[in-house]
>>> print(open('target-v8.cif').read())   # mmCIF, C-alpha atoms and all ligand atoms
data_target
loop_
_atom_site.label_atom_id
_atom_site.label_comp_id
_atom_site.auth_asym_id
_atom_site.auth_seq_id
_atom_site.Cartn_x
_atom_site.Cartn_y
_atom_site.Cartn_z
CA MET A 1 -4.74 91.24 -41.65
CA ASN A 2 -7.43 91.16 -44.35
CA ILE A 3 -10.39 93.46 -43.92
CA TRP A 4 -13.83 91.90 -44.27
CA HIS A 5 -16.28 94.42 -45.77
CA PRO A 6 -20.02 94.45 -45.01
CA TYR A 7 -22.45 93.25 -47.68
CA THR A 8 -19.53 92.40 -49.93
CA HIS A 9 -18.83 88.93 -51.32
CA SER A 10 -15.09 88.48 -51.05
CA THR A 11 -14.68 86.84 -54.46
CA LEU A 12 -17.71 87.91 -56.53
CA ASP A 13 -17.68 91.64 -55.81
CA PRO A 14 -15.08 94.11 -57.08
CA ALA A 15 -12.39 95.32 -54.66
CA PRO A 16 -13.50 98.23 -52.48
CA ILE A 17 -12.79 101.69 -53.94
CA PRO A 18 -10.36 103.68 -51.77
CA ILE A 19 -11.78 107.10 -50.85
CA VAL A 20 -9.34 109.74 -49.68
CA ARG A 21 -11.57 112.75 -49.14
CA ALA A 22 -15.18 113.88 -49.32
CA GLU A 23 -16.87 117.24 -49.58
CA GLY A 24 -20.52 118.18 -50.13
CA ILE A 25 -22.00 115.49 -52.34
CA TYR A 26 -18.64 114.28 -53.70
CA LEU A 27 -16.41 111.37 -52.75
CA TYR A 28 -12.84 111.63 -54.07
CA THR A 29 -11.11 108.36 -54.96
CA ALA A 30 -7.43 107.55 -54.49
CA ASP A 31 -7.01 107.28 -58.26
CA GLY A 32 -8.25 110.82 -58.85
CA ARG A 33 -11.93 110.30 -59.68
CA ARG A 34 -14.90 112.11 -58.20
CA LEU A 35 -18.17 110.31 -57.42
CA ILE A 36 -21.54 111.87 -56.63
CA ASP A 37 -22.75 110.21 -53.44
CA ALA A 38 -26.38 109.85 -54.58
CA ILE A 39 -27.31 107.52 -51.68
CA SER A 40 -25.84 109.62 -48.85
CA SER A 41 -23.43 106.78 -48.03
CA TRP A 42 -26.12 104.37 -46.84
CA TRP A 43 -28.63 107.12 -45.96
CA VAL A 44 -26.28 108.61 -43.39
CA THR A 45 -24.79 111.87 -44.74
CA LEU A 46 -27.43 114.54 -44.31
CA HIS A 47 -26.40 118.01 -45.44
CA GLY A 48 -23.23 116.98 -47.22
CA HIS A 49 -19.86 115.43 -46.49
CA ALA A 50 -17.40 117.34 -44.31
CA HIS A 51 -19.88 120.11 -43.51
CA PRO A 52 -17.54 122.68 -41.90
CA ARG A 53 -19.84 123.50 -38.97
CA ILE A 54 -20.19 119.90 -37.88
CA ALA A 55 -16.48 119.23 -38.45
CA ALA A 56 -15.58 122.23 -36.27
CA ALA A 57 -17.95 121.17 -33.48
CA ILE A 58 -16.37 117.72 -33.44
CA ALA A 59 -12.81 119.10 -33.36
CA GLU A 60 -13.64 121.41 -30.49
CA GLN A 61 -15.42 118.78 -28.43
CA ALA A 62 -12.64 116.21 -28.95
CA GLN A 63 -10.27 118.52 -27.10
CA ARG A 64 -12.65 119.20 -24.21
CA LEU A 65 -14.35 115.91 -23.27
CA GLU A 66 -14.13 112.95 -25.64
CA GLN A 67 -15.93 110.25 -23.63
CA VAL A 68 -17.40 109.62 -20.20
CA ILE A 69 -19.39 106.75 -18.70
CA TYR A 70 -23.06 107.65 -19.05
CA ALA A 71 -24.37 105.69 -16.05
CA GLY A 72 -24.30 108.00 -13.05
CA PHE A 73 -22.66 110.82 -15.05
CA THR A 74 -23.83 113.31 -17.61
CA HIS A 75 -22.35 116.12 -19.70
CA GLU A 76 -23.32 119.41 -21.24
CA LYS A 77 -23.59 118.24 -24.84
CA ALA A 78 -26.01 115.41 -24.04
CA GLU A 79 -28.18 117.78 -21.98
CA GLU A 80 -28.16 120.40 -24.74
CA LEU A 81 -28.93 117.79 -27.35
CA ALA A 82 -31.92 116.51 -25.36
CA ALA A 83 -33.19 120.09 -25.12
CA GLY A 84 -32.58 120.67 -28.84
CA LEU A 85 -34.37 117.48 -29.84
CA ALA A 86 -37.33 118.43 -27.62
CA GLU A 87 -37.89 121.39 -29.95
CA VAL A 88 -38.28 119.22 -33.05
CA ILE A 89 -39.63 115.88 -31.80
CA PRO A 90 -43.37 115.19 -31.44
CA ALA A 91 -44.34 116.74 -28.11
CA SER A 92 -45.50 113.55 -26.42
CA LEU A 93 -42.03 111.95 -26.70
CA SER A 94 -40.61 113.50 -23.56
CA HIS A 95 -37.89 110.97 -22.61
CA LEU A 96 -34.76 109.98 -24.45
CA PHE A 97 -32.37 107.02 -24.14
CA PHE A 98 -29.05 107.22 -26.00
CA SER A 99 -27.24 104.35 -27.71
CA ASP A 100 -24.78 103.86 -30.57
CA ASP A 101 -26.45 103.37 -33.95
CA GLY A 102 -29.68 102.48 -35.70
CA SER A 103 -29.74 98.80 -34.73
CA THR A 104 -29.13 99.57 -31.08
CA ALA A 105 -31.79 102.31 -31.09
CA VAL A 106 -34.18 99.60 -32.31
CA GLU A 107 -32.97 96.99 -29.78
CA VAL A 108 -33.56 99.54 -27.02
CA ALA A 109 -37.09 100.27 -28.25
CA LEU A 110 -38.00 96.57 -28.43
CA LYS A 111 -36.65 95.83 -24.96
CA MET A 112 -38.24 98.96 -23.52
CA ALA A 113 -41.63 98.02 -24.97
CA VAL A 114 -41.50 94.49 -23.60
CA GLN A 115 -40.27 95.54 -20.15
CA PHE A 116 -42.83 98.34 -20.02
CA TRP A 117 -45.64 95.77 -19.81
CA ARG A 118 -43.68 93.47 -17.49
CA ASN A 119 -43.02 96.33 -15.05
CA ARG A 120 -46.76 96.96 -15.02
CA GLY A 121 -47.42 93.34 -14.13
CA GLU A 122 -48.69 92.43 -17.61
CA ASP A 123 -46.03 89.85 -18.50
CA ARG A 124 -48.24 88.24 -21.13
CA LYS A 125 -47.95 91.30 -23.37
CA ALA A 126 -44.52 90.30 -24.68
CA ARG A 127 -44.93 89.60 -28.42
CA LEU A 128 -43.99 91.96 -31.22
CA ILE A 129 -45.66 92.70 -34.53
CA ALA A 130 -43.74 93.88 -37.60
CA LEU A 131 -44.49 94.47 -41.26
CA GLU A 132 -43.69 92.36 -44.28
CA HIS A 133 -40.59 93.75 -46.07
CA ALA A 134 -39.37 95.37 -42.84
CA TYR A 135 -35.70 96.09 -42.16
CA HIS A 136 -34.60 97.40 -38.77
CA GLY A 137 -30.90 96.51 -38.60
CA ASP A 138 -28.51 93.60 -38.42
CA THR A 139 -28.31 92.77 -34.71
CA VAL A 140 -30.31 89.73 -33.62
CA GLY A 141 -33.31 91.58 -32.15
CA ALA A 142 -33.46 93.98 -35.10
CA MET A 143 -33.19 91.03 -37.51
CA SER A 144 -36.04 89.29 -35.71
CA VAL A 145 -38.43 92.14 -36.46
CA GLY A 146 -36.99 92.44 -39.97
CA ASP A 147 -38.69 90.32 -42.62
CA ASP A 148 -37.21 86.99 -43.67
CA SER A 149 -34.75 87.73 -46.45
CA ASP A 150 -31.37 86.82 -47.87
CA PHE A 151 -29.97 88.97 -45.04
CA THR A 152 -31.48 86.79 -42.29
CA ALA A 153 -31.70 83.33 -43.94
CA ALA A 154 -28.68 81.87 -42.11
CA PHE A 155 -29.95 82.93 -38.70
CA GLY A 156 -33.63 81.93 -38.71
CA HIS A 157 -33.16 79.57 -35.77
CA LEU A 158 -31.67 82.35 -33.63
CA LEU A 159 -34.43 84.90 -34.16
CA PHE A 160 -37.35 85.29 -31.76
CA PRO A 161 -40.86 84.75 -33.15
CA VAL A 162 -42.59 87.87 -34.48
CA ASP A 163 -46.11 88.25 -35.85
CA ARG A 164 -46.01 89.66 -39.35
CA VAL A 165 -48.71 91.73 -41.07
CA HIS A 166 -49.12 93.22 -44.51
CA SER A 167 -47.15 96.22 -45.66
CA ALA A 168 -48.79 98.76 -47.97
CA THR A 169 -47.09 97.60 -51.16
CA CYS A 170 -49.47 99.49 -53.44
CA PHE A 171 -47.57 98.44 -56.59
CA ARG A 172 -48.38 94.79 -55.73
CA CYS A 173 -51.34 95.17 -53.40
CA PRO A 174 -51.43 92.31 -50.89
CA VAL A 175 -55.24 92.36 -50.86
CA GLY A 176 -55.85 92.90 -54.58
CA LYS A 177 -57.05 96.53 -54.44
CA THR A 178 -55.96 99.56 -56.42
CA ARG A 179 -54.74 102.67 -54.65
CA ALA A 180 -57.29 104.91 -56.32
CA THR A 181 -60.22 103.09 -54.74
CA CYS A 182 -58.81 101.38 -51.65
CA SER A 183 -59.31 102.29 -48.01
CA VAL A 184 -55.97 100.79 -46.92
CA GLU A 185 -57.54 97.36 -46.42
CA CYS A 186 -53.95 96.07 -46.20
CA ALA A 187 -54.06 97.28 -42.57
CA ASP A 188 -56.96 94.89 -41.87
CA SER A 189 -54.47 92.06 -41.27
CA LEU A 190 -53.11 94.07 -38.33
CA GLU A 191 -56.60 94.65 -37.02
CA ALA A 192 -57.43 90.94 -37.24
CA LEU A 193 -54.22 90.03 -35.45
CA LEU A 194 -54.72 92.59 -32.69
CA ASP A 195 -58.25 91.38 -32.27
CA ARG A 196 -56.89 87.92 -31.44
CA ARG A 197 -53.60 88.75 -29.79
CA ALA A 198 -53.53 92.29 -28.35
CA GLY A 199 -53.45 90.76 -24.87
CA GLU A 200 -50.13 89.11 -25.75
CA THR A 201 -48.65 91.96 -27.78
CA ALA A 202 -46.23 94.55 -26.47
CA ALA A 203 -45.72 96.65 -29.58
CA VAL A 204 -45.98 97.10 -33.31
CA ILE A 205 -42.81 98.35 -34.99
CA VAL A 206 -42.87 100.17 -38.34
CA GLU A 207 -40.60 102.14 -40.61
CA PRO A 208 -43.04 105.06 -40.93
CA LEU A 209 -44.13 105.85 -44.51
CA LEU A 210 -41.02 104.38 -46.14
CA GLN A 211 -39.57 100.90 -45.88
CA GLY A 212 -35.95 101.36 -46.91
CA ALA A 213 -33.86 98.24 -47.34
CA GLY A 214 -37.00 96.22 -48.15
CA GLY A 215 -37.16 98.04 -51.50
CA MET A 216 -37.86 101.74 -50.87
CA ILE A 217 -41.57 101.05 -50.44
CA VAL A 218 -43.65 104.21 -49.94
CA HIS A 219 -46.81 103.84 -47.88
CA PRO A 220 -49.93 106.01 -48.08
CA LEU A 221 -50.27 108.33 -45.07
CA GLU A 222 -53.57 106.61 -44.23
CA PHE A 223 -51.75 103.31 -43.66
CA LEU A 224 -49.59 104.74 -40.88
CA ARG A 225 -52.55 106.63 -39.45
CA LYS A 226 -54.61 103.45 -39.36
CA ILE A 227 -51.77 101.61 -37.59
CA ARG A 228 -51.67 104.41 -35.02
CA ASP A 229 -55.46 104.23 -34.51
CA LEU A 230 -55.41 100.45 -34.15
CA THR A 231 -52.49 100.38 -31.71
CA ARG A 232 -54.28 102.98 -29.57
CA ARG A 233 -57.56 101.14 -29.73
CA TYR A 234 -55.97 97.81 -28.70
CA ASP A 235 -53.54 99.35 -26.17
CA VAL A 236 -50.38 98.19 -27.88
CA LEU A 237 -47.30 100.43 -28.14
CA LEU A 238 -46.29 101.84 -31.52
CA ILE A 239 -42.55 102.03 -32.29
CA ALA A 240 -41.62 104.30 -35.22
CA ASP A 241 -38.17 103.42 -36.56
CA GLU A 242 -37.13 106.77 -38.06
CA VAL A 243 -33.49 105.75 -38.48
CA LEU A 244 -33.78 106.35 -42.23
CA THR A 245 -36.75 108.70 -42.45
CA GLY A 246 -35.76 111.13 -39.71
CA PHE A 247 -34.27 114.60 -40.12
CA GLY A 248 -36.14 115.74 -43.19
CA ARG A 249 -35.74 112.80 -45.56
CA CYS A 250 -39.51 112.53 -46.08
CA GLY A 251 -40.11 116.27 -46.45
CA ARG A 252 -40.76 117.18 -42.83
CA MET A 253 -38.52 116.65 -39.82
CA PHE A 254 -39.92 113.17 -39.24
CA ALA A 255 -42.11 110.84 -41.27
CA CYS A 256 -44.50 110.82 -38.31
CA ASP A 257 -44.90 114.58 -38.79
CA VAL A 258 -45.87 114.02 -42.43
CA ALA A 259 -48.63 111.63 -41.33
CA GLU A 260 -49.43 113.81 -38.29
CA ILE A 261 -49.15 110.96 -35.82
CA GLU A 262 -47.21 110.55 -32.59
CA PRO A 263 -45.80 107.11 -31.78
CA ASP A 264 -45.08 105.79 -28.27
CA LEU A 265 -41.43 105.17 -29.08
CA MET A 266 -39.22 106.54 -31.82
CA CYS A 267 -35.77 105.35 -32.97
CA LEU A 268 -33.25 107.83 -34.37
CA SER A 269 -29.69 107.51 -35.71
CA LYS A 270 -27.91 108.08 -39.07
CA GLY A 271 -28.86 111.73 -39.79
CA LEU A 272 -28.93 112.55 -36.07
CA THR A 273 -25.27 113.63 -36.16
CA GLY A 274 -25.61 114.97 -39.70
CA GLY A 275 -24.13 111.60 -40.63
CA PHE A 276 -20.71 112.28 -39.09
CA LEU A 277 -20.57 109.91 -36.13
CA PRO A 278 -22.53 106.94 -34.81
CA LEU A 279 -25.17 107.85 -32.26
CA GLY A 280 -28.56 106.32 -31.52
CA ALA A 281 -31.51 107.70 -29.60
CA THR A 282 -34.74 106.02 -28.55
CA LEU A 283 -37.47 108.40 -27.48
CA CYS A 284 -40.53 107.47 -25.49
CA THR A 285 -43.56 108.98 -23.80
CA ALA A 286 -43.84 109.81 -20.11
CA ARG A 287 -46.26 106.88 -19.80
CA VAL A 288 -43.57 104.44 -20.98
CA HIS A 289 -40.89 106.02 -18.81
CA GLU A 290 -43.11 106.02 -15.75
CA ALA A 291 -43.26 102.21 -15.75
CA PHE A 292 -39.50 102.19 -15.09
CA CYS A 293 -39.73 104.59 -12.15
CA ARG A 294 -41.17 102.19 -9.59
CA PRO A 295 -39.29 101.73 -6.27
CA ASP A 296 -38.35 98.11 -7.16
CA ARG A 297 -34.79 98.08 -8.62
CA ARG A 298 -35.76 95.19 -10.88
CA HIS A 299 -37.80 97.73 -12.82
CA THR A 300 -34.56 99.39 -13.97
CA PHE A 301 -33.90 99.35 -17.71
CA PHE A 302 -30.73 97.26 -17.69
CA HIS A 303 -29.29 98.31 -21.01
CA GLY A 304 -26.26 100.44 -21.86
CA HIS A 305 -23.52 100.69 -24.45
CA SER A 306 -19.95 101.84 -23.82
CA TYR A 307 -20.34 104.84 -26.11
CA THR A 308 -23.81 105.85 -24.87
CA ALA A 309 -24.22 109.61 -25.47
CA ASN A 310 -20.61 109.98 -26.58
CA PRO A 311 -19.85 113.71 -26.15
CA ILE A 312 -18.23 114.12 -29.59
CA ALA A 313 -21.22 112.49 -31.29
CA CYS A 314 -23.59 114.69 -29.24
CA ALA A 315 -21.62 117.79 -30.30
CA ALA A 316 -22.02 116.74 -33.94
CA ALA A 317 -25.76 116.23 -33.42
CA LEU A 318 -26.08 119.67 -31.83
CA ALA A 319 -24.31 121.25 -34.80
CA ASN A 320 -26.70 119.36 -37.06
CA LEU A 321 -29.73 120.82 -35.26
CA LYS A 322 -28.17 124.27 -35.52
CA ILE A 323 -27.84 123.86 -39.28
CA PHE A 324 -31.55 123.05 -39.42
CA ARG A 325 -32.28 126.23 -37.45
CA GLU A 326 -29.94 128.55 -39.34
CA GLU A 327 -29.73 127.30 -42.93
CA PRO A 328 -32.58 126.94 -45.46
CA VAL A 329 -32.52 123.15 -45.14
CA PHE A 330 -36.21 122.66 -45.86
CA ASP A 331 -35.91 124.75 -49.04
CA ARG A 332 -33.16 122.37 -50.20
CA ILE A 333 -35.34 119.41 -49.29
CA ALA A 334 -38.31 120.87 -51.18
CA ALA A 335 -36.16 121.46 -54.27
CA ILE A 336 -34.96 117.84 -54.28
CA ALA A 337 -38.51 116.59 -53.79
CA GLN A 338 -39.73 118.70 -56.69
CA THR A 339 -37.05 117.33 -59.02
CA HIS A 340 -38.07 113.79 -58.09
CA GLN A 341 -41.69 114.63 -58.86
CA GLU A 342 -40.75 116.15 -62.20
CA ARG A 343 -38.39 113.41 -63.37
CA LEU A 344 -40.07 110.24 -62.13
CA PRO A 345 -43.24 110.27 -64.27
CA HIS A 346 -41.03 110.06 -67.34
CA PHE A 347 -39.54 106.80 -66.01
CA ALA A 348 -42.93 105.35 -65.10
CA THR A 349 -43.74 104.63 -68.74
CA HIS A 350 -40.30 103.24 -69.63
CA PRO A 351 -40.51 99.63 -70.91
CA ALA A 352 -37.83 98.48 -68.43
CA VAL A 353 -39.66 99.94 -65.43
CA PHE A 354 -42.17 98.16 -63.19
CA ASP A 355 -42.92 100.98 -60.73
CA VAL A 356 -41.73 104.40 -59.59
CA ARG A 357 -42.27 105.87 -56.13
CA THR A 358 -41.17 108.91 -54.21
CA ILE A 359 -41.52 110.63 -50.88
CA GLY A 360 -39.65 113.78 -49.90
CA THR A 361 -35.99 113.54 -50.90
CA ILE A 362 -36.19 109.84 -51.80
CA ALA A 363 -37.05 108.40 -55.18
CA ALA A 364 -37.11 104.78 -56.31
CA ILE A 365 -37.40 103.12 -59.71
CA GLU A 366 -38.21 99.42 -59.60
CA LEU A 367 -37.08 97.66 -62.76
CA LYS A 368 -38.74 94.66 -64.31
CA ALA A 369 -36.64 91.59 -63.62
CA ASP A 370 -37.19 87.84 -63.87
CA ASP A 371 -35.13 87.46 -60.71
CA ALA A 372 -36.57 90.47 -58.81
CA GLY A 373 -35.14 90.85 -55.30
CA TYR A 374 -31.96 91.80 -53.52
CA LEU A 375 -29.84 89.23 -55.39
CA SER A 376 -31.15 90.22 -58.83
CA SER A 377 -28.47 89.72 -61.49
CA LEU A 378 -29.19 93.25 -62.76
CA ARG A 379 -27.75 94.82 -59.64
CA PRO A 380 -23.98 94.38 -60.16
CA HIS A 381 -24.27 95.56 -63.79
CA LEU A 382 -26.19 98.64 -62.76
CA TYR A 383 -23.83 99.40 -59.88
CA ASP A 384 -20.73 99.15 -62.08
CA PHE A 385 -22.37 101.25 -64.78
CA PHE A 386 -23.26 104.02 -62.33
CA ILE A 387 -19.75 104.05 -60.86
CA SER A 388 -18.27 104.25 -64.36
CA LYS A 389 -20.38 107.39 -64.86
CA GLY A 390 -19.16 108.95 -61.63
CA VAL A 391 -22.27 108.27 -59.54
CA LEU A 392 -22.60 106.16 -56.40
CA LEU A 393 -25.99 104.51 -56.72
CA ARG A 394 -26.30 101.14 -55.01
CA PRO A 395 -29.49 99.46 -56.19
CA LEU A 396 -31.41 97.23 -53.81
CA GLY A 397 -31.48 94.36 -56.29
CA ASN A 398 -33.70 95.59 -59.13
CA VAL A 399 -34.71 98.77 -57.28
CA VAL A 400 -32.63 101.83 -58.16
CA TYR A 401 -33.07 104.60 -55.62
CA VAL A 402 -31.85 108.16 -55.26
CA LEU A 403 -31.36 109.53 -51.74
CA PRO A 404 -28.90 112.40 -51.96
CA PRO A 405 -27.38 114.68 -49.32
CA TYR A 406 -29.35 117.93 -49.12
CA ALA A 407 -26.40 119.90 -50.56
CA ILE A 408 -27.02 118.46 -54.03
CA ARG A 409 -27.65 121.09 -56.70
CA LEU A 410 -30.41 120.64 -59.22
CA GLU A 411 -28.02 120.21 -62.16
CA GLU A 412 -26.17 117.51 -60.22
CA LEU A 413 -29.41 115.72 -59.41
CA GLY A 414 -30.37 116.12 -63.06
CA TYR A 415 -27.10 114.41 -64.04
CA VAL A 416 -27.91 111.49 -61.68
CA TYR A 417 -31.25 111.08 -63.45
CA ASP A 418 -29.59 111.29 -66.87
CA VAL A 419 -27.24 108.47 -65.87
CA ILE A 420 -30.18 106.36 -64.66
CA GLU A 421 -31.91 106.99 -67.97
CA GLU A 422 -28.83 105.74 -69.82
CA ALA A 423 -28.75 102.65 -67.61
CA LEU A 424 -32.40 101.93 -68.35
CA ALA A 425 -31.74 102.14 -72.08
CA ALA A 426 -29.00 99.54 -71.56
CA VAL A 427 -31.38 97.33 -69.54
CA ASP A 428 -34.00 97.67 -72.24
CA GLN A 429 -31.54 96.67 -74.95
CA ARG A 430 -30.40 93.75 -72.77
CA VAL A 431 -26.84 95.09 -72.68
CA PHE A 432 -26.58 93.86 -69.07
CA ALA A 433 -28.06 90.42 -69.73
N1 LIG B 501 -33.58 100.95 -39.06
C1 LIG B 501 -33.70 101.34 -40.33
C2 LIG B 501 -35.03 101.79 -40.84
C3 LIG B 501 -32.59 101.33 -41.17
O1 LIG B 501 -32.74 101.70 -42.44
C4 LIG B 501 -31.35 100.91 -40.66
C5 LIG B 501 -30.15 100.88 -41.51
O2 LIG B 501 -30.18 101.00 -42.69
C6 LIG B 501 -31.27 100.51 -39.32
C7 LIG B 501 -32.40 100.56 -38.54
C8 LIG B 501 -29.96 100.05 -38.74
O3 LIG B 501 -29.10 101.11 -38.56
P1 LIG B 501 -27.53 100.85 -38.35
O4 LIG B 501 -27.01 100.36 -39.65
O5 LIG B 501 -26.98 102.18 -37.95
O6 LIG B 501 -27.40 99.83 -37.28
#
>>> encode(input="target-v8.cif", output="structure tokens", more="lines below")
Ligand code: PLP
Amino acid sequence: MNIWHPYTHSTLDPAPIPIVRAEGIYLYTADGRRLIDAISSWWVTLHGHAHPRIAAAIAEQAQRLEQVIYAGFTHEKAEELAAGLAEVIPASLSHLFFSDDGSTAVEVALKMAVQFWRNRGEDRKARLIALEHAYHGDTVGAMSVGDDSDFTAAFGHLLFPVDRVHSATCFRCPVGKTRATCSVECADSLEALLDRRAGETAAVIVEPLLQGAGGMIVHPLEFLRKIRDLTRRYDVLLIADEVLTGFGRCGRMFACDVAEIEPDLMCLSKGLTGGFLPLGATLCTARVHEAFCRPDRRHTFFHGHSYTANPIACAAALANLKIFREEPVFDRIAAIAQTHQERLPHFATHPAVFDVRTIGTIAAIELKADDAGYLSSLRPHLYDFFISKGVLLRPLGNVVYVLPPYAIRLEELGYVYDVIEEALAAVDQRVFA
């Protein structure tokens, strides 16, 4: 049987690299090399690989209760996890629905938002609004709210219609302003749309403050705040997809905390288990939940995955929360953020660079490219170069980004930046052309 790898062209891309072990920020290859995982293995690994406390929690739980149907049954770890999350989640998000991964956390949020209005007898409020450059996962509903891209091109006819509004791409302002003088007029397209269509709209979905796969696009706080104000004013639900941004990536526990807003629904995954096991969670307000509590059984939320609230994944997530409580995680986050702020300005003036951006533990360097975009010809050259230097960096086309596990030490992060600097010199001298 031949294995088919995600996002990998079977003839154009190099063979997958066998990894035999991982620890902290390092991946160890079968042929004896060591790679710095500078992208947290697709934004998943949180504190570091094989963190002993999470590994121990998993081992213990696997011997006690490995799986149980989550309809009509519950278990201690799910209950404890709900209580633990209540301590860190915005207070108004009082209800939690478990699923398997980021895409399913998003699917749940979309379905919940649409059924919320239907259960209240407002069937017309069934459309969804999403941002340009959005990415919310690879399942069909998540792709529908994702922007049109090379990822979705083959499936356009399968996707449901979504209204699309401007993102805050300050480096290429969609309304021709400059950040220094603008008042986030890019959000006006949402206002105009809601003005016409709020009566048909269930929800707006956003990746709060940072659009990941769309190019590591950092939004001003005011943009998210304005979206929150508008969705309140027009009585449309706001879904914050924190699958990437959650658990400290943006400097506080959630991106919504950074902007000091509370959404109506929030999607979590990836870092939820410290990046050890798949688990999704969709949180919502009591108002949303209440619409599903009517006596009519047709108001039930008919959605469930086999591994909903898997006890081993919940045990990993609990250990993750404990690490946040007991280790200086936010000091580590602050140190990473400071390094980004110190190193990035130097890149901003580099002749090969179009834009630099950062928020919290994430930094992005967008390179100039004639074929800018996910399929940029620069990407495979850069990727191979980084691997040859012992660093896993996986550019999004011509956007190189750094998103390390929190265990990274400053000298290791410094090395990652040195390698990027070398790569930029090669780009500048057209070595990769
Ligand atoms: N939402 C966002 C913002 C993401 O970045 C991703 C994955 O990168 C997803 C959803 C999908 O998560 P998963 O790959 O676990 O399905």
>>> closest_residue(input="target-v8.cif", among="A:Asn320, A:Thr285, A:Thr201, A:Thr139", to="ligand LIG 501 (chain B)", atoms="all atoms listed in the file")
A:Thr139
>>> closest_residue(input="target-v8.cif", among="A:Cys267, A:Leu35, A:Leu375, A:Met143", to="Asp241 (chain A)", atoms="all atoms listed in the file")
A:Cys267
>>> residues_near_ligand(input="target-v8.cif", ligand="ligand LIG 501 (chain B)", cutoff="10 Å", atoms="all atoms listed in the file", output="ChimeraX atom specification")
/A:42-44,100-107,134-139,142-143,146,206-208,210-214,216,240-246,267-271,278-280
>>> residues_around(input="target-v8.cif", residues="region 82-86 of chain A", least_positions_apart="4", cutoff="10 Å", atoms="all atoms listed in the file", output="PyMOL selection string")
chain A and resi 76-78+90-98+272+281+283+314+317-318+321-322
>>> write_last_selection(input="target-v8.cif", atoms="C-alpha atoms", output="compact mmCIF listing (two decimals), in the coordinates of the input")
# COMPACT_ATOMS: atom_id res chain seq x y z
CA GLU A 76 -23.32 119.41 -21.24
CA LYS A 77 -23.59 118.24 -24.84
CA ALA A 78 -26.01 115.41 -24.04
CA PRO A 90 -43.37 115.19 -31.44
CA ALA A 91 -44.34 116.74 -28.11
CA SER A 92 -45.50 113.55 -26.42
CA LEU A 93 -42.03 111.95 -26.70
CA SER A 94 -40.61 113.50 -23.56
CA HIS A 95 -37.89 110.97 -22.61
CA LEU A 96 -34.76 109.98 -24.45
CA PHE A 97 -32.37 107.02 -24.14
CA PHE A 98 -29.05 107.22 -26.00
CA LEU A 272 -28.93 112.55 -36.07
CA ALA A 281 -31.51 107.70 -29.60
CA LEU A 283 -37.47 108.40 -27.48
CA CYS A 314 -23.59 114.69 -29.24
CA ALA A 317 -25.76 116.23 -33.42
CA LEU A 318 -26.08 119.67 -31.83
CA LEU A 321 -29.73 120.82 -35.26
CA LYS A 322 -28.17 124.27 -35.52
>>> closest_residue(input="target-v8.cif", among="A:Leu393, A:Ala30, A:Ala309, A:Leu12", to="Thr74 (chain A)", atoms="only C-alpha atoms")
A:Ala309
>>> residues_around(input="target-v8.cif", residues="Val236 (chain A)", least_positions_apart="5", cutoff="9 Å", atoms="all atoms listed in the file", output="count of residues only")
10
>>> atom_distance(input="target-v8.cif", atom1="CA of Pro161 (chain A)", atom2="CA of Asp148 (chain A)")
11.4 Å
>>> residues_around(input="target-v8.cif", residues="Arg232 (chain A)", least_positions_apart="3", cutoff="12 Å", atoms="all atoms listed in the file", output="number ranges by chain")
A: 191, 194, 198, 203-204, 225-229, 235-238, 261-264
>>> atom_distance(input="target-v8.cif", atom1="CA of Ala109 (chain A)", atom2="CA of Ala259 (chain A)")
20.8 Å
>>> residues_around(input="target-v8.cif", residues="Glu23 (chain A)", least_positions_apart="3", cutoff="12 Å", atoms="only C-alpha atoms", output="PyMOL selection string")
chain A and resi 19-20+26-29+34-37+40+45+47-52+55+405+407-408
>>> residues_around(input="target-v8.cif", residues="Val427 (chain A)", least_positions_apart="4", cutoff="12 Å", atoms="all atoms listed in the file", output="VMD selection string")
chain A and resid 350 to 353 367 to 369 377 to 379 381 to 382 385 398 420 to 423 431 to 433
